[in-house]
$ cat run_14.txt   # compact mmCIF, C-alpha atoms
# COMPACT_ATOMS: atom_id res chain seq x y z
CA MET V 1 0.90 -13.34 2.18
CA ILE V 2 2.81 -13.16 -1.11
CA TYR V 3 0.16 -10.79 -2.46
CA ILE V 4 0.64 -8.40 0.46
CA LEU V 5 4.42 -8.47 0.07
CA LEU V 6 4.02 -7.61 -3.62
CA ALA V 7 1.54 -4.83 -2.80
CA VAL V 8 4.00 -3.38 -0.27
CA ALA V 9 6.87 -3.59 -2.78
CA PHE V 10 4.92 -1.84 -5.54
CA SER V 11 3.61 0.85 -3.17
CA VAL V 12 7.17 1.78 -2.21
CA THR V 13 8.18 1.49 -5.89
CA VAL V 14 5.73 4.29 -6.71
CA SER V 15 7.45 6.50 -4.13
CA VAL V 16 10.89 5.61 -5.50
CA LEU V 17 9.80 6.43 -9.07
CA LEU V 18 8.45 9.80 -7.94
CA LYS V 19 11.72 10.43 -6.11
CA LEU V 20 13.65 9.74 -9.32
CA ALA V 21 11.32 11.71 -11.62
CA ARG V 22 13.11 15.02 -11.25
CA ARG V 23 16.54 13.47 -11.74
CA ALA V 24 15.25 11.88 -14.94
CA ASN V 25 13.95 15.25 -16.17
CA VAL V 26 10.37 13.96 -16.24
CA ASP V 27 7.36 16.24 -16.51
CA ILE V 28 5.24 14.95 -13.64
CA VAL V 29 1.92 16.10 -15.14
CA GLN V 30 2.55 14.12 -18.33
CA ALA V 31 3.71 11.12 -16.33
CA VAL V 32 0.61 11.18 -14.12
CA ALA V 33 -1.67 11.58 -17.16
CA THR V 34 -0.06 8.53 -18.80
CA ASN V 35 -0.26 6.65 -15.52
CA TYR V 36 -4.06 6.86 -15.62
CA VAL V 37 -4.21 5.58 -19.20
CA VAL V 38 -2.24 2.52 -18.09
CA ALA V 39 -4.17 2.10 -14.83
CA ALA V 40 -7.57 2.36 -16.58
CA THR V 41 -6.50 -0.15 -19.24
CA LEU V 42 -5.24 -2.65 -16.66
CA ALA V 43 -8.37 -2.23 -14.52
CA THR V 44 -10.47 -3.14 -17.54
CA MET V 45 -8.30 -6.09 -18.57
CA LEU V 46 -7.41 -7.62 -15.19
CA LEU V 47 -10.37 -6.69 -12.99
CA GLY V 48 -13.01 -6.85 -15.72
CA ALA V 49 -14.16 -3.42 -14.56
CA THR V 50 -16.67 -1.22 -16.34
CA PRO V 51 -17.64 2.27 -15.15
CA GLN V 52 -21.35 1.76 -15.80
CA ALA V 53 -22.35 0.53 -12.33
CA ALA V 54 -20.81 3.61 -10.71
CA ILE V 55 -22.29 5.98 -13.30
CA ASP V 56 -25.79 4.46 -12.93
CA ALA V 57 -25.93 5.48 -9.24
CA PRO V 58 -26.50 9.27 -9.09
CA ALA V 59 -25.28 9.37 -5.49
CA THR V 60 -21.79 8.45 -6.74
CA TRP V 61 -21.44 11.37 -9.14
CA THR V 62 -20.18 13.98 -6.68
CA PRO V 63 -17.59 11.75 -4.93
CA LEU V 64 -16.50 10.35 -8.32
CA VAL V 65 -15.84 13.84 -9.70
CA LEU V 66 -13.98 14.70 -6.50
CA LEU V 67 -11.92 11.52 -6.93
CA GLY V 68 -11.19 12.47 -10.53
CA VAL V 69 -9.73 15.76 -9.29
CA LEU V 70 -8.08 14.51 -6.08
CA LEU V 71 -6.31 11.45 -7.52
CA PRO V 72 -4.07 13.31 -10.00
CA ALA V 73 -3.66 16.25 -7.63
CA ILE V 74 -2.42 14.00 -4.84
CA PHE V 75 0.02 12.34 -7.25
CA VAL V 76 1.60 15.73 -7.95
CA VAL V 77 1.69 16.51 -4.22
CA LEU V 78 3.15 13.05 -3.57
CA ALA V 79 5.92 13.72 -6.07
CA HIS V 80 6.69 17.06 -4.39
CA SER V 81 6.63 15.43 -0.97
CA VAL V 82 9.08 12.60 -1.75
CA ARG V 83 11.38 15.17 -3.34
CA THR V 84 11.34 17.67 -0.47
CA ALA V 85 10.50 15.59 2.63
CA GLY V 86 11.73 12.18 1.53
CA ILE V 87 10.25 8.72 1.08
CA VAL V 88 10.13 7.93 4.80
CA ARG V 89 8.02 10.91 5.85
CA THR V 90 5.82 10.70 2.77
CA ASP V 91 5.02 6.99 3.12
CA VAL V 92 4.19 7.38 6.82
CA ALA V 93 1.93 10.36 6.06
CA GLN V 94 0.20 8.38 3.31
CA ARG V 95 -0.38 5.30 5.47
CA LEU V 96 -1.60 7.25 8.48
CA SER V 97 -4.07 9.15 6.30
CA LEU V 98 -6.52 6.30 6.99
CA PHE V 99 -7.13 7.99 10.34
CA VAL V 100 -8.54 11.02 8.51
CA SER V 101 -11.19 8.78 6.97
CA LEU V 102 -11.69 7.07 10.33
CA PHE V 103 -12.38 10.43 11.96
CA ALA V 104 -14.74 11.34 9.11
CA ALA V 105 -16.55 8.00 9.53
CA PHE V 106 -17.86 8.87 12.98
CA ALA V 107 -17.94 12.67 12.52
CA LEU V 108 -19.80 12.68 9.19
CA LEU V 109 -20.93 9.16 8.29
CA GLY V 110 -22.57 8.03 11.53
CA ASP V 111 -19.95 5.54 12.69
CA THR V 112 -19.43 4.91 16.43
CA LEU V 113 -16.25 6.11 18.13
CA THR V 114 -14.80 3.28 20.23
CA ALA V 115 -11.86 3.34 22.63
CA PRO V 116 -9.49 1.53 20.19
CA LYS V 117 -10.43 3.92 17.39
CA ALA V 118 -9.90 6.97 19.62
CA THR V 119 -6.55 5.55 20.76
CA GLY V 120 -5.54 4.87 17.17
CA ILE V 121 -6.38 8.43 16.12
CA ALA V 122 -4.44 9.87 19.06
CA LEU V 123 -1.40 7.70 18.27
CA ALA V 124 -1.61 8.67 14.59
CA VAL V 125 -1.52 12.38 15.47
CA VAL V 126 1.54 11.79 17.69
CA ALA V 127 3.23 9.70 14.99
CA VAL V 128 2.70 12.33 12.28
CA ALA V 129 4.05 15.06 14.57
CA CYS V 130 7.15 12.99 15.42
CA VAL V 131 7.87 11.85 11.88
CA LEU V 132 7.52 15.33 10.39
CA TRP V 133 9.54 17.04 13.11
CA ARG V 134 12.73 18.70 11.95
CA ARG V 135 15.39 20.71 13.68
CA ARG V 136 14.62 24.42 13.84
CA THR V 137 17.25 25.28 11.23
CA GLU V 138 15.98 22.61 8.84
CA ALA V 139 12.36 23.68 9.29
CA ALA V 140 13.26 27.34 8.67
CA ASN V 141 15.09 26.47 5.47
CA ASP V 142 12.41 24.17 4.07
CA ARG V 143 8.86 24.75 5.26
CA GLY V 144 7.57 22.91 2.18
CA GLY V 145 9.28 19.79 3.47
CA MET V 146 6.73 19.72 6.31
CA LEU V 147 3.68 21.04 4.47
CA ALA V 148 3.88 18.54 1.61
CA PRO V 149 3.55 15.40 3.80
CA LEU V 150 0.68 17.08 5.67
CA ALA V 151 -1.01 17.64 2.30
CA VAL V 152 -0.42 13.95 1.49
CA PHE V 153 -1.93 13.01 4.86
CA ALA V 154 -5.06 15.13 4.27
CA GLY V 155 -5.35 14.32 0.57
CA PHE V 156 -5.25 10.55 0.86
CA GLY V 157 -7.68 10.78 3.77
CA ALA V 158 -10.11 12.74 1.58
CA ILE V 159 -9.73 10.17 -1.21
CA ASP V 160 -10.56 7.33 1.19
CA VAL V 161 -13.67 9.22 2.36
CA CYS V 162 -14.77 9.64 -1.28
CA PHE V 163 -14.37 5.90 -1.94
CA LYS V 164 -16.44 5.19 1.21
CA LEU V 165 -19.19 7.49 -0.09
CA VAL V 166 -19.15 5.71 -3.45
CA ALA V 167 -19.35 2.32 -1.70
CA GLN V 168 -22.30 3.56 0.40
CA ALA V 169 -24.09 4.37 -2.86
CA GLY V 170 -23.77 0.71 -3.84
CA ALA V 171 -21.15 0.95 -6.58
CA PRO V 172 -18.70 -1.99 -6.81
CA PHE V 173 -15.10 -1.09 -5.98
CA ALA V 174 -13.72 -2.02 -9.42
CA SER V 175 -16.36 0.05 -11.20
CA ALA V 176 -15.75 3.08 -8.98
CA LEU V 177 -11.99 2.70 -9.39
CA LEU V 178 -12.20 2.62 -13.18
CA ALA V 179 -14.65 5.54 -13.31
CA SER V 180 -12.37 7.67 -11.14
CA PHE V 181 -9.35 6.68 -13.28
CA LEU V 182 -11.16 7.74 -16.44
CA ILE V 183 -12.19 11.12 -15.02
CA ALA V 184 -8.64 11.72 -13.76
CA MET V 185 -7.22 10.66 -17.14
CA VAL V 186 -9.40 13.13 -19.07
CA LEU V 187 -8.63 16.03 -16.72
CA CYS V 188 -4.89 15.27 -16.76
CA TRP V 189 -4.67 15.13 -20.54
CA ILE V 190 -6.58 18.39 -20.81
CA ALA V 191 -3.92 19.90 -18.55
CA VAL V 192 -1.13 18.34 -20.65
CA ILE V 193 -2.58 19.72 -23.90
CA VAL V 194 -3.18 23.20 -22.46
CA ARG V 195 0.38 23.36 -21.06
CA ALA V 196 1.78 22.22 -24.41
CA LEU V 197 -0.25 24.82 -26.36
CA MET V 198 0.90 27.54 -23.96
CA GLY V 199 4.51 26.51 -24.50
CA LYS V 200 5.05 25.54 -20.85
CA ALA V 201 5.83 21.88 -21.39
CA ALA V 202 6.13 20.16 -24.77
CA LEU V 203 5.03 16.55 -24.89
CA SER V 204 7.99 14.37 -23.94
CA TRP V 205 8.26 10.68 -24.78
CA ARG V 206 10.57 10.35 -21.79
CA SER V 207 7.76 11.56 -19.51
CA VAL V 208 5.18 9.35 -21.24
CA GLY V 209 7.44 6.30 -20.88
CA PHE V 210 8.04 7.11 -17.24
CA GLY V 211 4.26 7.40 -16.82
CA VAL V 212 3.84 3.86 -18.18
CA LEU V 213 6.15 2.55 -15.45
CA LEU V 214 4.36 4.65 -12.85
CA GLY V 215 0.94 3.42 -13.96
CA ALA V 216 2.03 -0.22 -13.95
CA ALA V 217 3.47 0.08 -10.42
CA ASN V 218 0.46 2.05 -9.18
CA PHE V 219 -2.03 -0.47 -10.50
CA ALA V 220 0.04 -3.47 -9.34
CA ASN V 221 -0.08 -2.04 -5.82
CA ILE V 222 -3.89 -1.86 -5.98
CA LEU V 223 -4.28 -5.25 -7.70
CA PHE V 224 -2.15 -7.22 -5.23
CA TYR V 225 -3.80 -5.49 -2.26
CA VAL V 226 -7.21 -6.57 -3.59
CA ARG V 227 -5.87 -10.08 -4.26
CA GLY V 228 -4.57 -10.19 -0.69
CA HIS V 229 -8.07 -9.52 0.65
CA GLN V 230 -9.49 -12.16 -1.69
CA ALA V 231 -6.90 -14.73 -0.58
CA LEU V 232 -7.59 -14.04 3.13
CA PRO V 233 -11.32 -13.22 3.20
CA GLY V 234 -11.59 -14.07 6.90
CA SER V 235 -8.67 -11.90 7.99
CA PRO V 236 -9.18 -8.35 6.65
CA SER V 237 -7.46 -6.85 9.69
CA LEU V 238 -4.35 -8.97 9.02
CA VAL V 239 -4.22 -7.76 5.41
CA PHE V 240 -4.80 -4.17 6.51
CA ALA V 241 -2.09 -4.23 9.18
CA SER V 242 0.44 -6.14 7.07
CA MET V 243 0.06 -3.73 4.16
CA ASN V 244 0.37 -0.53 6.16
CA VAL V 245 3.12 -1.67 8.52
CA GLY V 246 4.99 -3.21 5.58
CA VAL V 247 4.96 0.05 3.62
CA VAL V 248 6.07 2.06 6.66
CA VAL V 249 8.97 -0.31 7.39
CA LEU V 250 10.11 -0.86 3.79
CA GLY V 251 9.72 2.85 3.01
CA ALA V 252 11.89 3.69 6.02
CA LEU V 253 14.59 1.23 4.93
CA VAL V 254 14.60 2.41 1.31
CA GLY V 255 14.58 6.08 2.27
CA ALA V 256 17.23 5.84 4.99
CA LEU V 257 19.53 3.33 3.31
CA GLY V 258 18.86 3.79 -0.40
CA PHE V 259 18.56 7.59 -0.47
CA ARG V 260 20.37 8.44 2.79
CA GLU V 261 17.48 10.47 4.18
CA LYS V 262 18.46 11.88 7.56
CA LEU V 263 16.16 10.95 10.43
CA SER V 264 16.45 12.02 14.06
CA TRP V 265 15.68 9.77 17.02
CA LEU V 266 12.29 11.50 17.27
CA ASN V 267 11.53 10.63 13.64
CA TRP V 268 12.38 6.97 14.33
CA LEU V 269 10.17 7.12 17.41
CA GLY V 270 7.38 8.40 15.18
CA LEU V 271 7.80 5.36 12.92
CA ALA V 272 7.40 3.07 15.93
CA VAL V 273 4.31 4.99 17.09
CA ALA V 274 2.89 4.75 13.54
CA ILE V 275 3.22 0.97 13.62
CA ALA V 276 1.59 0.93 17.07
CA ALA V 277 -1.30 3.06 15.76
CA ILE V 278 -1.89 0.62 12.91
CA ALA V 279 -1.70 -2.32 15.33
CA VAL V 280 -4.34 -0.69 17.55
CA MET V 281 -6.59 -0.16 14.54
CA THR V 282 -6.29 -3.85 13.68
CA THR V 283 -8.15 -4.69 16.87
CA ALA V 284 -10.70 -1.87 16.54
$ encode --input "run_14.txt" --output "structure tokens"
Amino acid sequence: MIYILLAVAFSVTVSVLLKLARRANVDIVQAVATNYVVAATLATMLLGATPQAAIDAPATWTPLVLLGVLLPAIFVVLAHSVRTAGIVRTDVAQRLSLFVSLFAAFALLGDTLTAPKATGIALAVVAVACVLWRRRTEAANDRGGMLAPLAVFAGFGAIDVCFKLVAQAGAPFASALLASFLIAMVLCWIAVIVRALMGKAALSWRSVGFGVLLGAANFANILFYVRGHQALPGSPSLVFASMNVGVVVLGALVGALGFREKLSWLNWLGLAVAIAAIAVMTTA
């Protein structure tokens, strides 16, 4: 279980870094672009990944390009979400996004809807509504604080669907991961160069250095999650539940205690329902 604990810790670390980015005067586009250089390098070195297997399957091209666009886009949205809505709401939205891909699995990919899956989806919807709920005055003053986590919820769900489509085409996970990192890296650096030429954001070594930390934490989260599945090959549901519940709980503690994010009793109820939804999915 040490791998899962490390994966949980690094997942929340990514959220914390994004929370601190604005305070550190970091250009998030440059940081995300650097993040993919680091992630692609580590995927090659530690996972022995090459993009060729994914590229050789034509059925992967469309979802891979979508991943190349969605991955950096969701990072920017994630940064906005942790800044405006907080770590707690953002981490819950990210973890419950798996229910978007679950819905897509039976709506678009031919999966069968079972009672546990339907219950899990229903609980996830309730959990998201409770966690994102704010008092009327708060909601009126900051509509972005609700929309950003919803975008995280939808965006990560779409990314999971794309990875499922790549897997259906027969591409190994490591190969697909590296290919998507490389596409995202190229697109991000094009954006960095264009913004620099237009005088909107000069290249900052502070932002690049921050991106190195972000990339290391981001890849460590992925690596230890994969290692967790490899260490417990007969218990994928245990790994799945431990990872998602762990991130929800640790994210709540870090957000509420470390950053003093204000949560109502309904928000805390939403956290409990989120954990219940994940528990139901473990048995699905």
$ residues_near_point --input "run_14.txt" --point "(4.5, 14.2, -2.9)" --cutoff "8 Å" --atoms "all atoms listed in the file" --output "number ranges by chain"
V: 18, 74-83, 90, 148-149, 152
$ atom_distance --input "run_14.txt" --atom1 "atom CA of V:Gly215" --atom2 "atom CA of V:Ile28"
12.3 Å
$ atom_distance --input "run_14.txt" --atom1 "atom CA of V:Arg206" --atom2 "atom CA of V:Arg23"
12.1 Å
$ closest_residue --input "run_14.txt" --among "V:Val273, V:Ala24, V:Ala104, V:Ala59" --to "V:Ala169" --atoms "all atoms listed in the file"
V:Ala59
$ closest_residue --input "run_14.txt" --among "V:Gly48, V:Gly199, V:Gly209, V:Gly155" --to "V:Val32" --atoms "all atoms listed in the file"
V:Gly209
$ atom_distance --input "run_14.txt" --atom1 "atom CA of V:Tyr36" --atom2 "atom CA of V:Gln94"
19.5 Å
$ residues_around --input "run_14.txt" --residues "stretch 254-271 of chain V" --least-positions-apart "4" --cutoff "6 Å" --atoms "all atoms listed in the file" --output "list in words"
Ile87, Val88, Ala127, Cys130 and Val131 of chain V
$ closest_residue --input "run_14.txt" --among "V:Asn244, V:Thr60, V:Ser235, V:Thr119" --to "V:Ala167" --atoms "all atoms listed in the file"
V:Thr60
$ residues_around --input "run_14.txt" --residues "V:Ser207" --least-positions-apart "6" --cutoff "6 Å" --atoms "all atoms listed in the file" --output "list in words"
Val26, Asp27, Gln30 and Ala31 of chain V
